Amino acid sequence: MSILQHDVPLAWYLLLSAALFSLGIVGFLFKRNIITVFLSIELMLNGVNLSFVTFAHQWHAVKGQIFVFFVMMVAAAEAAVGLAIIIAVFRVRATLSVDRIDLMKL
Amino acid sequence: MNVPLHLWLIPLLPFAGFLLNGILGRRLPKALVTTIALLAPLASFAIVLFSAAATYLPAESRNLLGPDPAARLVALPFVETCPLAWLNLPGLHIDFTLTLDQLSLVMLLVVTGVGFLIHIYSVGYMHSDPGYARYFSYLNLFLFFMTTLVLAGNVLVMFVGWEGVGLASYLLIGFWFQKPSAASAGMKAFIVNRIGDFGFLIGIFLLLANFGTLTFSEIATKLTANPAWTGGILTVICLCLLIGATGKSAQLPLYVWLPDAMEGPTPVSALIHAATMVTAGVYMIARFHFLFDRSPFALSVVAIVGAATALFAATMGLAQNDIKRVLAYSTISQLGYMFLGCGVAAYSAAIFHLMTHAFFKALLFLAAGSVIHALGGEQDLRKMGGLRKKIPITFWTMTAAVVAIAGIWPFAGFFSKDAILYAAFLQGTGGKILWVVGLVTALLTALYILRLWYLAFFGESRSPGVHAHESPWSMLSPLVILAALSVCGGWIGIERFSAFLSPVLGVRSAESATPHLELYLSILAVAVAVEGWLIADKYYRRKTERPAQIAAILPGLYKLLANKYYVDEIYNYVFVRPLLVISRYVLSWVVDGAILGGAAWLLGGIATFGGAILQRWQSGNIRSYAAWLTAGAAVLLLFVLLVSSPHSWSLSFFHVEPIHKVSHIAVTQLTQAGH
């Protein structure tokens, strides 16, 4: 059996998940480097993934685990597209600061 | 035995010509355009002739038409119904019905026959016009609608034709739309006709409400079933129909559009504004004769309108200097005669005059067109003169029409006009007054038409610089044919003509008067016409300075006539100006500007203002978007927490059993299930 068989309460997993998600939000909101922002989003996704896995194991529901695979797949796709955009933006603007990538305003 | 006559081809062939020339005409060679344009009315005319022959040829000559003489017997009225119903509602069933009877046969012969001649004439008259194909497509379109109107078996189909000829008339009056006067004349004709059509429509609705059907024969049957039904609502219906007829047939008070309609090409004036379309009102009244017969009041209104228009328009025709405008007023006046004929219940006399008028008035217009053509576009009678020797064929053919309209025996106009006047004379005291009006009009008719004749063809040329030349044969041959018809058209005689029409229009028992009376009246009518001729001869040939002197003695009268009684001006002040003022100030400023514009401005202002505020949101700063996104998610989460029940979202997660115990139970259960 896995590590979960030790006396680790469910709450701990959830707290870890919430911590990861919150860290992701903080990074998403306050970091200026676009790659860091991007990493923060991945962090949020993985925080959510963790709580999915936890509950799936808790209730022996395989759906939660399948959902995790979906999230990972979307995250991979997002990483491919997002990194491509970042590279394209960097080539044009020669910067990674989100505050200076503001051409979309009116 | 009834054989199919294929009546539907009569309107649809010109329609095919309209489509072909209207869509492809500009790309086709001119010869092909001409062929299409001429073949369509010719084919229609041939079908009409065939129908007439199939109906009326004596038995022995029927063999010419086919191997089986009995198979050609066609009984009139011949009804053809489209298998698809037009309207099929509870209590209302309307088909596309075409009906051929003696009345529509006469009209069809006139419309397609004269129409075909005018098509031929147009080939010469319009040969160098850049809109050649467009012109012929409109002319074919007119024939389509006119034959629909004539063949209609119910009022609604007739109304389609009625509106359609109005459309074709509008298109052809404004054919030279680059000229502002032509464009506005087209609009004037259309708008004045709308007023009349409004009356016609009300009449149709009343017919539907009171008879429950719009088919002519069914209305007639219902009337026959109720011999006591007279006056009342029937009078109202008849007056509504009369309003429609006055619009289309240019009678008082809606005649004002016809003189302006002379802005169109001259063959159009001949076909639409003299021979066929403007007679639609007379045709309609004759078609509804069973209705008008039940309303003596409406009939007398028809007669008075007709007589008044005849006299009024004839006086106006005296003082016009534009050759086409003289003829336009003459047309109005002659249509007044036809209304007078209908009004004294002499419908067959009115249709007789309609037919002869179609011949001589079409001829007058075409000859006038030939004169205008010869002079290179000059329409002013004061600049003509001395054309007799220069354009002899035009002169002689026009002379035939002139004596025909003047009512000289034995030309066509004499017989039909005489029949109407005689019928009026027999109608009691009121009829005698109308007869006197008609007689005075006959004098004026002879006067104005011979004035035109003398001014155009006699004396010295008043514009010496112009070299007049005879028109090509494409224009002259219709003139010759129409001249023959103007001479002989009346010889059939009113007795035989009304006997022919009697299955439709009924037999009139007006022949009770003394046998010599008609002869005396005819002699009187001819004497009056000759008197008019003599006056014209004196003033416009022998003493050409006299008209100007008379005009100088009576300046008020002359100005009144020359300005057409200021009717246009009066209408302008009474109807057009107030409408313009209402449109400009009330509708344009208050309704459109203040109310609608204000509402639009208010809505637009709200949107702009809201946009200006929301615009600040779109800062372009990605981190601000991120913040809003997070805040939005947080608000959603909070909302879910607040509205859902507290049990499900209590923090009881933190009190569930340690996870390994749960899984242990689950595993135990699984293994037990495995055993």
# chains A, B, ... in the order shown; residues from 1 in each chain; ligands from 1
call {"tool": "interface_residues", "arguments": {"of": "chain A", "to": "chain B", "cutoff": "12 Å", "atoms": "only C-alpha atoms", "output": "NGL selection string"}}
result
:A and (1-15 or 21-22 or 24-34 or 37-38 or 40-41 or 44 or 54-61 or 97-106)
call {"tool": "residues_around", "arguments": {"residues": "region 108-114 of chain B", "least_positions_apart": "2", "cutoff": "8 Å", "atoms": "only C-alpha atoms", "output": "list in words"}}
result
Pro41, Leu42, Ser44, Phe45, Val48, Leu49, Ser104, Leu105, Val106, Phe116, Leu117, Ile118, Leu143, Met146, Thr147, Val150, Leu151, Leu271, Ala275, Thr276, Met355, Ala358, Phe359 and Ala362 of chain B
call {"tool": "write_last_selection", "arguments": {"atoms": "N, CA and C atoms", "output": "PDB file, in the first residue's frame"}}
result
ATOM      1  N   PRO B  41     -46.656  40.703 -78.271  1.00  0.00           N
ATOM      2  CA  PRO B  41     -48.021  41.186 -78.493  1.00  0.00           C
ATOM      3  C   PRO B  41     -48.659  40.594 -79.736  1.00  0.00           C
ATOM      4  N   LEU B  42     -47.841  40.283 -80.747  1.00  0.00           N
ATOM      5  CA  LEU B  42     -48.413  39.686 -81.962  1.00  0.00           C
ATOM      6  C   LEU B  42     -49.017  38.329 -81.641  1.00  0.00           C
ATOM      7  N   SER B  44     -50.063  37.303 -78.716  1.00  0.00           N
ATOM      8  CA  SER B  44     -51.262  37.511 -77.912  1.00  0.00           C
ATOM      9  C   SER B  44     -52.433  37.889 -78.809  1.00  0.00           C
ATOM     10  N   PHE B  45     -52.170  38.793 -79.727  1.00  0.00           N
ATOM     11  CA  PHE B  45     -53.217  39.237 -80.652  1.00  0.00           C
ATOM     12  C   PHE B  45     -53.737  38.054 -81.466  1.00  0.00           C
ATOM     13  N   VAL B  48     -56.015  36.033 -79.357  1.00  0.00           N
ATOM     14  CA  VAL B  48     -57.305  36.710 -79.217  1.00  0.00           C
ATOM     15  C   VAL B  48     -58.124  36.517 -80.490  1.00  0.00           C
ATOM     16  N   LEU B  49     -57.469  36.697 -81.613  1.00  0.00           N
ATOM     17  CA  LEU B  49     -58.175  36.514 -82.893  1.00  0.00           C
ATOM     18  C   LEU B  49     -58.692  35.096 -83.024  1.00  0.00           C
ATOM     19  N   SER B 104     -64.963  41.356 -72.724  1.00  0.00           N
ATOM     20  CA  SER B 104     -63.504  41.278 -72.645  1.00  0.00           C
ATOM     21  C   SER B 104     -62.910  40.977 -74.016  1.00  0.00           C
ATOM     22  N   LEU B 105     -63.681  40.327 -74.882  1.00  0.00           N
ATOM     23  CA  LEU B 105     -63.177  40.062 -76.228  1.00  0.00           C
ATOM     24  C   LEU B 105     -62.963  41.373 -76.991  1.00  0.00           C
ATOM     25  N   VAL B 106     -63.942  42.277 -76.905  1.00  0.00           N
ATOM     26  CA  VAL B 106     -63.795  43.567 -77.572  1.00  0.00           C
ATOM     27  C   VAL B 106     -62.580  44.302 -77.016  1.00  0.00           C
ATOM     28  N   PHE B 116     -50.270  46.176 -80.505  1.00  0.00           N
ATOM     29  CA  PHE B 116     -49.262  45.668 -81.438  1.00  0.00           C
ATOM     30  C   PHE B 116     -48.863  46.748 -82.436  1.00  0.00           C
ATOM     31  N   LEU B 117     -49.858  47.486 -82.949  1.00  0.00           N
ATOM     32  CA  LEU B 117     -49.535  48.563 -83.907  1.00  0.00           C
ATOM     33  C   LEU B 117     -48.600  49.584 -83.261  1.00  0.00           C
ATOM     34  N   ILE B 118     -48.864  49.899 -81.998  1.00  0.00           N
ATOM     35  CA  ILE B 118     -48.039  50.901 -81.333  1.00  0.00           C
ATOM     36  C   ILE B 118     -46.645  50.350 -81.051  1.00  0.00           C
ATOM     37  N   LEU B 143     -48.663  45.488 -71.370  1.00  0.00           N
ATOM     38  CA  LEU B 143     -49.639  44.602 -72.028  1.00  0.00           C
ATOM     39  C   LEU B 143     -50.006  43.434 -71.134  1.00  0.00           C
ATOM     40  N   MET B 146     -52.411  44.807 -68.580  1.00  0.00           N
ATOM     41  CA  MET B 146     -53.673  45.262 -69.164  1.00  0.00           C
ATOM     42  C   MET B 146     -54.537  44.069 -69.571  1.00  0.00           C
ATOM     43  N   THR B 147     -53.898  43.044 -70.152  1.00  0.00           N
ATOM     44  CA  THR B 147     -54.693  41.874 -70.542  1.00  0.00           C
ATOM     45  C   THR B 147     -55.182  41.135 -69.292  1.00  0.00           C
ATOM     46  N   VAL B 150     -58.218  42.969 -68.154  1.00  0.00           N
ATOM     47  CA  VAL B 150     -59.378  42.765 -69.014  1.00  0.00           C
ATOM     48  C   VAL B 150     -59.941  41.358 -68.850  1.00  0.00           C
ATOM     49  N   LEU B 151     -59.038  40.370 -68.722  1.00  0.00           N
ATOM     50  CA  LEU B 151     -59.499  38.977 -68.664  1.00  0.00           C
ATOM     51  C   LEU B 151     -59.962  38.566 -67.280  1.00  0.00           C
ATOM     52  N   LEU B 271     -50.664  54.597 -76.439  1.00  0.00           N
ATOM     53  CA  LEU B 271     -51.125  53.283 -75.979  1.00  0.00           C
ATOM     54  C   LEU B 271     -51.782  53.386 -74.607  1.00  0.00           C
ATOM     55  N   ALA B 275     -55.459  55.083 -75.574  1.00  0.00           N
ATOM     56  CA  ALA B 275     -56.252  53.993 -76.143  1.00  0.00           C
ATOM     57  C   ALA B 275     -56.685  52.972 -75.106  1.00  0.00           C
ATOM     58  N   THR B 276     -55.793  52.588 -74.207  1.00  0.00           N
ATOM     59  CA  THR B 276     -56.139  51.423 -73.390  1.00  0.00           C
ATOM     60  C   THR B 276     -56.254  51.708 -71.900  1.00  0.00           C
ATOM     61  N   MET B 355     -63.987  51.865 -78.087  1.00  0.00           N
ATOM     62  CA  MET B 355     -63.286  51.205 -79.188  1.00  0.00           C
ATOM     63  C   MET B 355     -62.906  52.202 -80.278  1.00  0.00           C
ATOM     64  N   ALA B 358     -60.248  54.452 -79.153  1.00  0.00           N
ATOM     65  CA  ALA B 358     -58.931  53.819 -79.163  1.00  0.00           C
ATOM     66  C   ALA B 358     -58.305  53.946 -80.544  1.00  0.00           C
ATOM     67  N   PHE B 359     -59.109  53.783 -81.586  1.00  0.00           N
ATOM     68  CA  PHE B 359     -58.565  53.893 -82.938  1.00  0.00           C
ATOM     69  C   PHE B 359     -58.129  55.318 -83.241  1.00  0.00           C
ATOM     70  N   ALA B 362     -55.456  56.918 -80.614  1.00  0.00           N
ATOM     71  CA  ALA B 362     -54.122  56.353 -80.814  1.00  0.00           C
ATOM     72  C   ALA B 362     -53.519  56.933 -82.082  1.00  0.00           C
TER      73      ALA B 362
END
call {"tool": "select_by_dssp", "arguments": {"residues": "region 206-298 of chain B", "states": "alpha helix (DSSP H)", "output": "ChimeraX atom specification"}}
result
/B:206-211,216-225,233-248,257-260,266-270,280-287,289-292,296-298
call {"tool": "atom_distance", "arguments": {"atom1": "CA of Ala548 (chain B)", "atom2": "CA of Gln379 (chain B)"}}
result
20.0 Å
call {"tool": "residues_around", "arguments": {"residues": "His6 (chain B)", "least_positions_apart": "3", "cutoff": "12 Å", "atoms": "only C-alpha atoms", "output": "JSON, numbers by chain"}}
result
{"B": [2, 3, 9, 10, 11, 12, 13, 43, 44, 46, 47, 48, 50, 51, 78, 79, 80, 81, 82, 98, 99, 100, 151]}
call {"tool": "write_last_selection", "arguments": {"atoms": "N, CA and C atoms", "output": "PDB file, in the first residue's frame"}}
result
ATOM      1  N   ASN B   2     -66.402  22.586 -75.193  1.00  0.00           N
ATOM      2  CA  ASN B   2     -65.389  23.611 -74.953  1.00  0.00           C
ATOM      3  C   ASN B   2     -63.992  23.040 -75.164  1.00  0.00           C
ATOM      4  N   VAL B   3     -63.233  23.698 -76.001  1.00  0.00           N
ATOM      5  CA  VAL B   3     -61.833  23.313 -76.168  1.00  0.00           C
ATOM      6  C   VAL B   3     -60.991  24.341 -75.437  1.00  0.00           C
ATOM      7  N   LEU B   9     -52.151  32.339 -71.941  1.00  0.00           N
ATOM      8  CA  LEU B   9     -51.010  32.752 -72.763  1.00  0.00           C
ATOM      9  C   LEU B   9     -51.103  34.225 -73.147  1.00  0.00           C
ATOM     10  N   ILE B  10     -52.327  34.750 -73.185  1.00  0.00           N
ATOM     11  CA  ILE B  10     -52.481  36.132 -73.659  1.00  0.00           C
ATOM     12  C   ILE B  10     -51.720  37.104 -72.751  1.00  0.00           C
ATOM     13  N   PRO B  11     -51.897  37.028 -71.424  1.00  0.00           N
ATOM     14  CA  PRO B  11     -51.045  37.906 -70.614  1.00  0.00           C
ATOM     15  C   PRO B  11     -49.611  37.417 -70.486  1.00  0.00           C
ATOM     16  N   LEU B  12     -49.415  36.091 -70.432  1.00  0.00           N
ATOM     17  CA  LEU B  12     -48.080  35.611 -70.063  1.00  0.00           C
ATOM     18  C   LEU B  12     -47.050  35.748 -71.175  1.00  0.00           C
ATOM     19  N   LEU B  13     -47.473  35.776 -72.430  1.00  0.00           N
ATOM     20  CA  LEU B  13     -46.494  35.972 -73.502  1.00  0.00           C
ATOM     21  C   LEU B  13     -45.835  37.347 -73.421  1.00  0.00           C
ATOM     22  N   ALA B  43     -48.282  37.532 -80.846  1.00  0.00           N
ATOM     23  CA  ALA B  43     -48.788  36.209 -80.475  1.00  0.00           C
ATOM     24  C   ALA B  43     -50.058  36.347 -79.647  1.00  0.00           C
ATOM     25  N   SER B  44     -50.063  37.303 -78.716  1.00  0.00           N
ATOM     26  CA  SER B  44     -51.262  37.511 -77.912  1.00  0.00           C
ATOM     27  C   SER B  44     -52.433  37.889 -78.809  1.00  0.00           C
ATOM     28  N   ALA B  46     -52.809  37.177 -81.878  1.00  0.00           N
ATOM     29  CA  ALA B  46     -53.214  36.010 -82.658  1.00  0.00           C
ATOM     30  C   ALA B  46     -54.116  35.110 -81.826  1.00  0.00           C
ATOM     31  N   ILE B  47     -53.762  34.937 -80.543  1.00  0.00           N
ATOM     32  CA  ILE B  47     -54.602  34.079 -79.691  1.00  0.00           C
ATOM     33  C   ILE B  47     -55.980  34.709 -79.523  1.00  0.00           C
ATOM     34  N   VAL B  48     -56.015  36.033 -79.357  1.00  0.00           N
ATOM     35  CA  VAL B  48     -57.305  36.710 -79.217  1.00  0.00           C
ATOM     36  C   VAL B  48     -58.124  36.517 -80.490  1.00  0.00           C
ATOM     37  N   PHE B  50     -57.833  34.131 -82.620  1.00  0.00           N
ATOM     38  CA  PHE B  50     -58.229  32.735 -82.685  1.00  0.00           C
ATOM     39  C   PHE B  50     -59.445  32.496 -81.805  1.00  0.00           C
ATOM     40  N   SER B  51     -59.405  33.077 -80.586  1.00  0.00           N
ATOM     41  CA  SER B  51     -60.544  32.898 -79.681  1.00  0.00           C
ATOM     42  C   SER B  51     -61.797  33.487 -80.296  1.00  0.00           C
ATOM     43  N   PHE B  78     -66.319  32.109 -71.469  1.00  0.00           N
ATOM     44  CA  PHE B  78     -65.377  31.008 -71.341  1.00  0.00           C
ATOM     45  C   PHE B  78     -64.488  31.279 -70.132  1.00  0.00           C
ATOM     46  N   VAL B  79     -64.524  30.367 -69.158  1.00  0.00           N
ATOM     47  CA  VAL B  79     -63.804  30.604 -67.900  1.00  0.00           C
ATOM     48  C   VAL B  79     -62.610  29.679 -67.819  1.00  0.00           C
ATOM     49  N   GLU B  80     -61.484  30.227 -67.443  1.00  0.00           N
ATOM     50  CA  GLU B  80     -60.278  29.430 -67.264  1.00  0.00           C
ATOM     51  C   GLU B  80     -59.757  29.701 -65.861  1.00  0.00           C
ATOM     52  N   THR B  81     -59.609  28.636 -65.073  1.00  0.00           N
ATOM     53  CA  THR B  81     -59.183  28.810 -63.688  1.00  0.00           C
ATOM     54  C   THR B  81     -57.876  28.083 -63.462  1.00  0.00           C
ATOM     55  N   CYS B  82     -56.961  28.768 -62.811  1.00  0.00           N
ATOM     56  CA  CYS B  82     -55.693  28.140 -62.449  1.00  0.00           C
ATOM     57  C   CYS B  82     -55.972  27.060 -61.411  1.00  0.00           C
ATOM     58  N   LEU B  98     -59.558  33.567 -65.292  1.00  0.00           N
ATOM     59  CA  LEU B  98     -59.632  34.398 -66.488  1.00  0.00           C
ATOM     60  C   LEU B  98     -60.958  34.106 -67.172  1.00  0.00           C
ATOM     61  N   THR B  99     -61.648  35.154 -67.569  1.00  0.00           N
ATOM     62  CA  THR B  99     -62.948  34.966 -68.198  1.00  0.00           C
ATOM     63  C   THR B  99     -62.965  35.683 -69.537  1.00  0.00           C
ATOM     64  N   LEU B 100     -63.355  34.953 -70.556  1.00  0.00           N
ATOM     65  CA  LEU B 100     -63.517  35.570 -71.866  1.00  0.00           C
ATOM     66  C   LEU B 100     -65.004  35.649 -72.159  1.00  0.00           C
ATOM     67  N   LEU B 151     -59.038  40.370 -68.722  1.00  0.00           N
ATOM     68  CA  LEU B 151     -59.499  38.977 -68.664  1.00  0.00           C
ATOM     69  C   LEU B 151     -59.962  38.566 -67.280  1.00  0.00           C
TER      70      LEU B 151
END
call {"tool": "atom_distance", "arguments": {"atom1": "CA of Gly317 (chain B)", "atom2": "CA of Tyr448 (chain B)"}}
result
6.3 Å
call {"tool": "atom_distance", "arguments": {"atom1": "CA of Pro503 (chain B)", "atom2": "CA of Ala346 (chain B)"}}
result
14.3 Å
call {"tool": "residues_around", "arguments": {"residues": "region 415-424 of chain B", "least_positions_apart": "3", "cutoff": "6 Å", "atoms": "only C-alpha atoms", "output": "MDAnalysis selection string"}}
result
chainID B and resid 341 344 349 352:353 412 427 431 435 490
call {"tool": "write_last_selection", "arguments": {"atoms": "N, CA and C atoms", "output": "mmCIF file, in the first residue's frame"}}
result
data_model
loop_
_atom_site.group_PDB
_atom_site.id
_atom_site.type_symbol
_atom_site.label_atom_id
_atom_site.label_comp_id
_atom_site.auth_asym_id
_atom_site.auth_seq_id
_atom_site.Cartn_x
_atom_site.Cartn_y
_atom_site.Cartn_z
ATOM 1 N N GLY B 341 -71.933 57.949 -71.112
ATOM 2 C CA GLY B 341 -72.639 56.797 -71.667
ATOM 3 C C GLY B 341 -72.950 55.763 -70.599
ATOM 4 N N VAL B 344 -75.792 56.907 -68.245
ATOM 5 C CA VAL B 344 -77.166 56.798 -68.716
ATOM 6 C C VAL B 344 -77.483 55.355 -69.084
ATOM 7 N N ALA B 349 -72.920 51.596 -75.731
ATOM 8 C CA ALA B 349 -72.502 52.807 -76.437
ATOM 9 C C ALA B 349 -71.170 53.298 -75.894
ATOM 10 N N PHE B 352 -68.560 51.081 -77.192
ATOM 11 C CA PHE B 352 -68.415 51.402 -78.615
ATOM 12 C C PHE B 352 -67.517 52.633 -78.778
ATOM 13 N N HIS B 353 -67.810 53.660 -77.989
ATOM 14 C CA HIS B 353 -66.988 54.865 -78.077
ATOM 15 C C HIS B 353 -65.565 54.577 -77.617
ATOM 16 N N ALA B 412 -65.660 57.137 -87.706
ATOM 17 C CA ALA B 412 -65.952 56.276 -86.548
ATOM 18 C C ALA B 412 -66.534 57.051 -85.369
ATOM 19 N N GLN B 427 -83.040 60.038 -71.532
ATOM 20 C CA GLN B 427 -83.071 59.826 -70.087
ATOM 21 C C GLN B 427 -83.814 60.920 -69.335
ATOM 22 N N GLY B 431 -81.366 63.954 -68.290
ATOM 23 C CA GLY B 431 -80.661 63.451 -69.455
ATOM 24 C C GLY B 431 -80.566 64.489 -70.553
ATOM 25 N N TRP B 435 -77.412 65.945 -72.339
ATOM 26 C CA TRP B 435 -77.319 65.910 -73.806
ATOM 27 C C TRP B 435 -76.829 67.255 -74.336
ATOM 28 N N GLY B 490 -66.681 52.679 -87.177
ATOM 29 C CA GLY B 490 -68.029 52.893 -86.668
ATOM 30 C C GLY B 490 -69.107 52.256 -87.506
#
call {"tool": "closest_residue", "arguments": {"among": "B:Leu485, B:Ala328, B:Leu89, B:Leu375", "to": "Pro464 (chain B)", "atoms": "only C-alpha atoms"}}
result
B:Leu375
call {"tool": "closest_residue", "arguments": {"among": "B:Leu603, B:Val403, B:Ile570, B:Leu452", "to": "Val487 (chain B)", "atoms": "only C-alpha atoms"}}
result
B:Val403
call {"tool": "decode", "arguments": {"residues": "region 58-92 of chain A", "atoms": "C-alpha atoms", "output": "PDB file, in the first residue's frame"}}
result
ATOM      1  CA  GLN A  58     -11.048   8.613   0.142  1.00  0.00           C
ATOM      2  CA  TRP A  59     -14.278   7.519  -1.539  1.00  0.00           C
ATOM      3  CA  HIS A  60     -12.866   4.954  -3.927  1.00  0.00           C
ATOM      4  CA  ALA A  61     -14.313   6.921  -6.803  1.00  0.00           C
ATOM      5  CA  VAL A  62     -12.207   6.483  -9.926  1.00  0.00           C
ATOM      6  CA  LYS A  63     -13.838   9.474 -11.576  1.00  0.00           C
ATOM      7  CA  GLY A  64     -11.674  11.858  -9.588  1.00  0.00           C
ATOM      8  CA  GLN A  65      -8.516  10.232 -10.876  1.00  0.00           C
ATOM      9  CA  ILE A  66      -9.752  10.362 -14.447  1.00  0.00           C
ATOM     10  CA  PHE A  67     -10.444  14.030 -13.950  1.00  0.00           C
ATOM     11  CA  VAL A  68      -6.873  14.541 -12.840  1.00  0.00           C
ATOM     12  CA  PHE A  69      -5.667  13.090 -16.098  1.00  0.00           C
ATOM     13  CA  PHE A  70      -7.855  15.512 -17.973  1.00  0.00           C
ATOM     14  CA  VAL A  71      -6.479  18.426 -15.993  1.00  0.00           C
ATOM     15  CA  MET A  72      -2.914  17.286 -16.652  1.00  0.00           C
ATOM     16  CA  MET A  73      -3.607  16.933 -20.311  1.00  0.00           C
ATOM     17  CA  VAL A  74      -5.139  20.397 -20.532  1.00  0.00           C
ATOM     18  CA  ALA A  75      -2.230  21.755 -18.541  1.00  0.00           C
ATOM     19  CA  ALA A  76       0.204  20.177 -20.996  1.00  0.00           C
ATOM     20  CA  ALA A  77      -1.639  21.699 -23.911  1.00  0.00           C
ATOM     21  CA  GLU A  78      -1.786  25.029 -22.145  1.00  0.00           C
ATOM     22  CA  ALA A  79       1.949  24.860 -21.479  1.00  0.00           C
ATOM     23  CA  ALA A  80       2.643  24.227 -25.146  1.00  0.00           C
ATOM     24  CA  VAL A  81       0.482  27.085 -26.363  1.00  0.00           C
ATOM     25  CA  GLY A  82       1.356  29.431 -23.531  1.00  0.00           C
ATOM     26  CA  LEU A  83       5.108  28.976 -23.851  1.00  0.00           C
ATOM     27  CA  ALA A  84       4.843  29.488 -27.593  1.00  0.00           C
ATOM     28  CA  ILE A  85       3.014  32.761 -26.989  1.00  0.00           C
ATOM     29  CA  ILE A  86       5.581  33.825 -24.404  1.00  0.00           C
ATOM     30  CA  ILE A  87       8.432  33.165 -26.826  1.00  0.00           C
ATOM     31  CA  ALA A  88       6.616  35.067 -29.571  1.00  0.00           C
ATOM     32  CA  VAL A  89       5.942  37.999 -27.237  1.00  0.00           C
ATOM     33  CA  PHE A  90       9.512  38.020 -26.023  1.00  0.00           C
ATOM     34  CA  ARG A  91      10.808  38.160 -29.583  1.00  0.00           C
ATOM     35  CA  VAL A  92       8.715  41.213 -30.328  1.00  0.00           C
TER      36      VAL A  92
END
